[in-house]
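Okay, so here's the structure we're looking at.
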Amino acid sequence: MRKLIFLLCLTLFSTAVLSAQQYDLVIEGGRVMDPETGLDAIRSVGIANGKIGRISAEPLSGRRVVHASGFIVAPGFIDLHQHGQELESQRVKAFDGVTTALEMEIGVPDVAMFLKSKEGRSLIHYGTTASHAAARALVFGSPLSPEIISPGAGIPEILPKSGPATNEPATPGQITKIQQRLRDELDAGALGVGMGIQYTPGATRLEIIDMFRLAAGRKVPVYTHVRSFGHTEPGSAIESVEEVIGAAAISGASLHIVHINSTCLLDSLECLSLIDGARARGLDVTTEAYPYIAGMTVLNSALFNPGWREKLGIDYSRLVLPDTGEHLTKERLEALHNSPVPQSVLIFANTQEMVDATIPNPLVMIASDGAAGHPRNAGTYSRIVAQYVREKKTLTLMEALRKMTLMPAQMLERSTPAGRHKGRLQEGADADVVVLDPATISDRATFEKPMEPSVGVRYLLVGGTVLIDEGKLVSDVFPGRAILVPRKDLR
Ligand SMILES: [Zn+2]
């Protein structure tokens, strides 16, 4: 009995201590929204040691108190698909509310070098997949440069130039070596296998299935840009989505199909119905989209191998250089396709109607495919709130937040337990938090001025560190941390 009283006193005492706790930072009086629990109420949020310590209807005490009345307090946005990993891109991502931006579509040429280059120098959290395209280029004897920036392009060298390493089938011996390289890259901390099948058209169906088998064996997902776009058979977008759903079914690997809108174009809703059907049959298939009618890629890649015009159903003039606004001709395209220098190009191939029909679909999470040269780099997340929640009203704010926070965090959970602490505004979650003004948040990036930062993010916390303070970027803080498969999980 005495012991019980003692325990009771201890509990009362520790509760008193807790309620008197002074947090590092308190966000007071904002409308706190959490897509997982459905919490949508005025609360105070206490942050200590990089974590959300308390969410309370009562005021909390903090060394610093930020007043968020009239603002939304939500989990920081998670972008699974961000190519531009340099500081300029990270700055505009921060103004767009993004606290984590990962290179998952294709992966980087060298995972260890990538992680080392970012350590202590990243504004927001980062991570990557193991790159099938880079492993293939290495095995074919033309390795990609692990340097982050290639001259003349806004995109780091993640895409091999069209050549034998992209266009020829691999021998069984080469496939074994590609798999070994991917295993080593997963050992270095990669969060999955990234494939850009359209950029390695020489990879046979069996090679693709073998990569899925490897991912399944390591219990990580495959993130992929599928084999083709367009209606023309064989080789349509529908066939391409079927191919990877088939590989997922055969191997048991989780599958994430990137940018369903820019691959499936006018067949986007049909592609979504394929994914819906696969999920109804128990397969783990997910997808994402970005809210723009144009795509962007690199001209000397295999995407522009002969036949691209017939597949895409567009002419040369719909290809535009982001730096100069130049519309291409047959001669210019051929020269830039054959050049050793990667040059970014915008591809205007989708319609606003199809983008608007894709974004609200409940299967679709938001990911930017961002890199310098395209406004999606800077504007994707604000644009979702401004256009789809505030103007078109085809999404509620909670639905939009779910697509930008919880759904991508749940993708990360398939690779690492760290994902469980992301994408949530809950006690115990990582203090990656966006405080935004729902009345004014807007994207300002355009195809003419793609690096214009969004407006309306008042505060951004990355692991508890204030990165945007009263709408201004704080200088000389680098709170971004790697998201990795933990060492103890390595098999
Ligand atoms: Zn892509």
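Ordering of the structure tokens sets the chain letters (A, B, ...), residue numbers begin anew at 1 in every chain, and ligands are numbered from 1 in the order given.
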
Excluding stretch 251-256 of chain A and its own-chain neighbours fewer than 2 positions away, which residues fall within 7 Å of it when counting only C-alpha atoms? Please give them as a list of chain:residue names.
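The residues satisfying every condition are A:Phe212, A:Arg213, A:Ala215, A:Ala216, A:Pro221, A:Val222, A:Tyr223, A:Thr224, A:Ala247, A:Ala248, A:Ala249, A:Val258, A:Asp284, A:Val285, A:Thr286, A:Thr287.
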
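The binding environment of ligand 1, defined as every protein, DNA or RNA residue with an atom no more than 8 Å away and counting only C-alpha atoms and all ligand atoms, comprises A:Glu105, A:Ile106, A:Gly196, A:Thr224, A:His225, A:Val258, A:His259, A:Ser262, A:Thr263, A:Thr297, A:Asp369.
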
Nearest to A:Val355 by atom-to-atom distance, counting only C-alpha atoms, from A:Glu331, A:Glu288, A:Asp432, A:Glu391
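For A:Val355, the nearest of the candidates is A:Glu288.
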
Using only C-alpha atoms, find the one residue out of A:Ile78, A:Leu473, A:Val241, A:Ala170 that sits nearest to A:Thr99.
A:Ile78

Which one is closest to A:Thr440: A:Arg383, A:His421, A:Lys472, A:Arg414? Count only C-alpha atoms.
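Smallest separation from A:Thr440 among the options: A:Arg383.
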
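The closest residue to A:Phe71, picked from A:Met33, A:Ile47, A:Leu138, A:Leu346 and counting only C-alpha atoms, is A:Met33.
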
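Atom CA of A:Gly62 to atom CA of A:Gln21 spans 8.0 Å [interatomic distance, one decimal].
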
Pick out the residues sitting within 7 Å of A:Gly463, and hand them over as a ChimeraX atom specification; count only C-alpha atoms, and ignore anything fewer than 6 positions along from it in its own chain.
/A:50-51,430-432,479

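Put simply, atom CA of A:Gly202 is 28.6 Å away from atom CA of A:Gly277.
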
Just to confirm, what's the straight-line distance from atom CA of A:Val108 to atom CA of A:Ser89 in Å (one decimal)?
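Distance between the two atoms: 16.3 Å.
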
Select from stretch 335-389 of chain A everything DSSP, run on the backbone, classes as strand (DSSP E or B), then give the selection as an MDAnalysis selection string.
chainID A and resid 344:348 364:366 370

Using only C-alpha atoms, the shortest atom-to-atom distance to A:Ile55 among A:His67, A:Arg281, A:Arg31, A:Arg332 belongs to A:Arg31

Closest of A:Leu191, A:Ala68, A:Val92, A:Met404 to A:Arg218 - atom-to-atom distances counting only C-alpha atoms:
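Nearest to A:Arg218: A:Leu191.
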
Please provide as an MDAnalysis selection string all residues within 9 Å of A:Leu144, with the sequence filter that same-chain residues fewer than 5 positions apart are discarded (counting only C-alpha atoms).
chainID A and resid 109:110 134:135 137:138 157:160

Would you put the residues from that selection into a file with N, CA and C atoms, as a PDB file, in the first residue's frame?
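Result saved to part-v3.pdb:
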```
ATOM      1  N   PRO A 109      24.369   8.587 -58.321  1.00  0.00           N
ATOM      2  CA  PRO A 109      25.411   7.674 -58.808  1.00  0.00           C
ATOM      3  C   PRO A 109      26.182   6.954 -57.697  1.00  0.00           C
ATOM      4  N   ASP A 110      26.336   7.609 -56.530  1.00  0.00           N
ATOM      5  CA  ASP A 110      27.144   7.005 -55.474  1.00  0.00           C
ATOM      6  C   ASP A 110      26.534   7.419 -54.135  1.00  0.00           C
ATOM      7  N   ALA A 134      22.472   4.086 -62.788  1.00  0.00           N
ATOM      8  CA  ALA A 134      23.895   4.342 -62.506  1.00  0.00           C
ATOM      9  C   ALA A 134      24.674   3.031 -62.397  1.00  0.00           C
ATOM     10  N   ALA A 135      24.050   2.008 -61.776  1.00  0.00           N
ATOM     11  CA  ALA A 135      24.725   0.705 -61.655  1.00  0.00           C
ATOM     12  C   ALA A 135      24.980   0.122 -63.039  1.00  0.00           C
ATOM     13  N   ALA A 137      25.252   1.846 -65.887  1.00  0.00           N
ATOM     14  CA  ALA A 137      26.288   2.643 -66.562  1.00  0.00           C
ATOM     15  C   ALA A 137      27.679   2.218 -66.078  1.00  0.00           C
ATOM     16  N   LEU A 138      27.785   1.971 -64.768  1.00  0.00           N
ATOM     17  CA  LEU A 138      29.070   1.541 -64.192  1.00  0.00           C
ATOM     18  C   LEU A 138      29.507   0.202 -64.784  1.00  0.00           C
ATOM     19  N   GLU A 157      24.028  14.833 -62.532  1.00  0.00           N
ATOM     20  CA  GLU A 157      24.155  13.729 -63.485  1.00  0.00           C
ATOM     21  C   GLU A 157      23.590  12.452 -62.878  1.00  0.00           C
ATOM     22  N   ILE A 158      22.310  12.296 -63.049  1.00  0.00           N
ATOM     23  CA  ILE A 158      21.658  11.080 -62.585  1.00  0.00           C
ATOM     24  C   ILE A 158      21.198  10.255 -63.773  1.00  0.00           C
ATOM     25  N   LEU A 159      21.118  10.908 -64.942  1.00  0.00           N
ATOM     26  CA  LEU A 159      20.640  10.223 -66.140  1.00  0.00           C
ATOM     27  C   LEU A 159      21.804   9.973 -67.081  1.00  0.00           C
ATOM     28  N   PRO A 160      22.022   8.711 -67.478  1.00  0.00           N
ATOM     29  CA  PRO A 160      23.104   8.453 -68.427  1.00  0.00           C
ATOM     30  C   PRO A 160      22.754   8.999 -69.808  1.00  0.00           C
TER      31      PRO A 160
END
```

Which residues are close to A:Pro417, i.e. within 9 Å by only C-alpha atoms, leaving aside same-chain residues fewer than 5 positions away? Reply as a PDB file with N, CA, C and O atoms, in the first residue's frame.
```
ATOM      1  N   LEU A 412       8.003   5.992 -46.670  1.00  0.00           N
ATOM      2  CA  LEU A 412       9.318   5.865 -46.017  1.00  0.00           C
ATOM      3  C   LEU A 412       9.323   4.735 -44.997  1.00  0.00           C
ATOM      4  O   LEU A 412      10.338   4.064 -44.805  1.00  0.00           O
ATOM      5  N   VAL A 485      18.303   3.636 -44.208  1.00  0.00           N
ATOM      6  CA  VAL A 485      17.965   2.334 -43.644  1.00  0.00           C
ATOM      7  C   VAL A 485      18.964   2.102 -42.507  1.00  0.00           C
ATOM      8  O   VAL A 485      20.169   2.167 -42.732  1.00  0.00           O
ATOM      9  N   PRO A 486      18.471   1.921 -41.267  1.00  0.00           N
ATOM     10  CA  PRO A 486      19.423   1.818 -40.154  1.00  0.00           C
ATOM     11  C   PRO A 486      20.338   0.603 -40.297  1.00  0.00           C
ATOM     12  O   PRO A 486      19.932  -0.421 -40.827  1.00  0.00           O
TER      13      PRO A 486
END
```

Residues at most 10 Å from A:Thr232, counting only C-alpha atoms, excluding those fewer than 3 positions away in the same chain, as a PDB file with all heavy atoms, in the first residue's frame?
```pdb
ATOM      1  N   SER A 228       7.557   3.738 -70.822  1.00  0.00           N
ATOM      2  CA  SER A 228       7.170   4.566 -71.967  1.00  0.00           C
ATOM      3  C   SER A 228       5.934   5.402 -71.692  1.00  0.00           C
ATOM      4  O   SER A 228       5.207   5.152 -70.741  1.00  0.00           O
ATOM      5  CB  SER A 228       6.897   3.679 -73.178  1.00  0.00           C
ATOM      6  OG  SER A 228       6.675   4.488 -74.320  1.00  0.00           O
ATOM      7  N   PHE A 229       5.732   6.413 -72.530  1.00  0.00           N
ATOM      8  CA  PHE A 229       4.473   7.167 -72.507  1.00  0.00           C
ATOM      9  C   PHE A 229       3.735   6.943 -73.825  1.00  0.00           C
ATOM     10  O   PHE A 229       4.261   6.333 -74.746  1.00  0.00           O
ATOM     11  CB  PHE A 229       4.695   8.648 -72.244  1.00  0.00           C
ATOM     12  CG  PHE A 229       5.957   9.249 -72.810  1.00  0.00           C
ATOM     13  CD1 PHE A 229       6.328   9.048 -74.135  1.00  0.00           C
ATOM     14  CD2 PHE A 229       6.789  10.022 -72.006  1.00  0.00           C
ATOM     15  CE1 PHE A 229       7.478   9.619 -74.641  1.00  0.00           C
ATOM     16  CE2 PHE A 229       7.948  10.594 -72.517  1.00  0.00           C
ATOM     17  CZ  PHE A 229       8.288  10.385 -73.834  1.00  0.00           C
ATOM     18  N   GLY A 235       4.193  -0.870 -76.471  1.00  0.00           N
ATOM     19  CA  GLY A 235       5.018   0.149 -75.822  1.00  0.00           C
ATOM     20  C   GLY A 235       4.230   1.332 -75.314  1.00  0.00           C
ATOM     21  O   GLY A 235       4.771   2.430 -75.160  1.00  0.00           O
ATOM     22  N   SER A 236       2.941   1.156 -75.045  1.00  0.00           N
ATOM     23  CA  SER A 236       2.134   2.271 -74.534  1.00  0.00           C
ATOM     24  C   SER A 236       2.405   2.515 -73.048  1.00  0.00           C
ATOM     25  O   SER A 236       3.061   1.707 -72.377  1.00  0.00           O
ATOM     26  CB  SER A 236       0.653   1.946 -74.707  1.00  0.00           C
ATOM     27  OG  SER A 236       0.317   0.872 -73.845  1.00  0.00           O
ATOM     28  N   ALA A 237       1.851   3.614 -72.538  1.00  0.00           N
ATOM     29  CA  ALA A 237       1.930   3.880 -71.095  1.00  0.00           C
ATOM     30  C   ALA A 237       1.202   2.787 -70.314  1.00  0.00           C
ATOM     31  O   ALA A 237       1.662   2.364 -69.252  1.00  0.00           O
ATOM     32  CB  ALA A 237       1.329   5.244 -70.789  1.00  0.00           C
ATOM     33  N   ILE A 238       0.073   2.325 -70.850  1.00  0.00           N
ATOM     34  CA  ILE A 238      -0.683   1.265 -70.166  1.00  0.00           C
ATOM     35  C   ILE A 238       0.178   0.006 -70.056  1.00  0.00           C
ATOM     36  O   ILE A 238       0.283  -0.593 -68.977  1.00  0.00           O
ATOM     37  CB  ILE A 238      -1.997   0.958 -70.939  1.00  0.00           C
ATOM     38  CG1 ILE A 238      -2.912   2.187 -70.969  1.00  0.00           C
ATOM     39  CG2 ILE A 238      -2.693  -0.266 -70.351  1.00  0.00           C
ATOM     40  CD1 ILE A 238      -3.578   2.553 -69.681  1.00  0.00           C
ATOM     41  N   GLU A 239       0.829  -0.360 -71.154  1.00  0.00           N
ATOM     42  CA  GLU A 239       1.696  -1.544 -71.117  1.00  0.00           C
ATOM     43  C   GLU A 239       2.831  -1.345 -70.104  1.00  0.00           C
ATOM     44  O   GLU A 239       3.213  -2.267 -69.383  1.00  0.00           O
ATOM     45  CB  GLU A 239       2.286  -1.809 -72.511  1.00  0.00           C
ATOM     46  CG  GLU A 239       3.123  -3.075 -72.563  1.00  0.00           C
ATOM     47  CD  GLU A 239       3.958  -3.157 -73.843  1.00  0.00           C
ATOM     48  OE1 GLU A 239       5.106  -2.664 -73.817  1.00  0.00           O
ATOM     49  OE2 GLU A 239       3.484  -3.698 -74.827  1.00  0.00           O
ATOM     50  N   GLU A 310       6.397  10.127 -82.060  1.00  0.00           N
ATOM     51  CA  GLU A 310       5.220   9.291 -82.315  1.00  0.00           C
ATOM     52  C   GLU A 310       4.579   8.888 -80.982  1.00  0.00           C
ATOM     53  O   GLU A 310       3.362   8.918 -80.827  1.00  0.00           O
ATOM     54  CB  GLU A 310       5.628   8.027 -83.093  1.00  0.00           C
ATOM     55  CG  GLU A 310       6.108   8.297 -84.527  1.00  0.00           C
ATOM     56  CD  GLU A 310       7.472   8.971 -84.611  1.00  0.00           C
ATOM     57  OE1 GLU A 310       8.252   8.892 -83.638  1.00  0.00           O
ATOM     58  OE2 GLU A 310       7.751   9.606 -85.656  1.00  0.00           O
ATOM     59  N   LYS A 311       5.424   8.510 -80.004  1.00  0.00           N
ATOM     60  CA  LYS A 311       4.895   8.093 -78.698  1.00  0.00           C
ATOM     61  C   LYS A 311       4.199   9.252 -77.984  1.00  0.00           C
ATOM     62  O   LYS A 311       3.116   9.110 -77.444  1.00  0.00           O
ATOM     63  CB  LYS A 311       6.036   7.587 -77.807  1.00  0.00           C
ATOM     64  CG  LYS A 311       6.511   6.181 -78.110  1.00  0.00           C
ATOM     65  CD  LYS A 311       7.796   5.929 -77.328  1.00  0.00           C
ATOM     66  CE  LYS A 311       8.351   4.541 -77.534  1.00  0.00           C
ATOM     67  NZ  LYS A 311       7.578   3.503 -76.850  1.00  0.00           N
ATOM     68  N   LEU A 312       4.867  10.400 -77.949  1.00  0.00           N
ATOM     69  CA  LEU A 312       4.336  11.541 -77.197  1.00  0.00           C
ATOM     70  C   LEU A 312       3.204  12.245 -77.924  1.00  0.00           C
ATOM     71  O   LEU A 312       2.358  12.891 -77.301  1.00  0.00           O
ATOM     72  CB  LEU A 312       5.451  12.568 -76.947  1.00  0.00           C
ATOM     73  CG  LEU A 312       6.131  12.568 -75.600  1.00  0.00           C
ATOM     74  CD1 LEU A 312       7.156  13.691 -75.534  1.00  0.00           C
ATOM     75  CD2 LEU A 312       5.145  12.711 -74.452  1.00  0.00           C
ATOM     76  N   GLY A 313       3.204  12.130 -79.269  1.00  0.00           N
ATOM     77  CA  GLY A 313       2.180  12.794 -80.057  1.00  0.00           C
ATOM     78  C   GLY A 313       2.315  14.314 -80.056  1.00  0.00           C
ATOM     79  O   GLY A 313       1.330  15.028 -80.147  1.00  0.00           O
TER      80      GLY A 313
END
```

If you run DSSP on this backbone, which residues of stretch 130-193 of chain A come out as helix (DSSP H, G or I), and could you give them as a PyMOL selection string?
chain A and resi 132-139+164-167+172-187
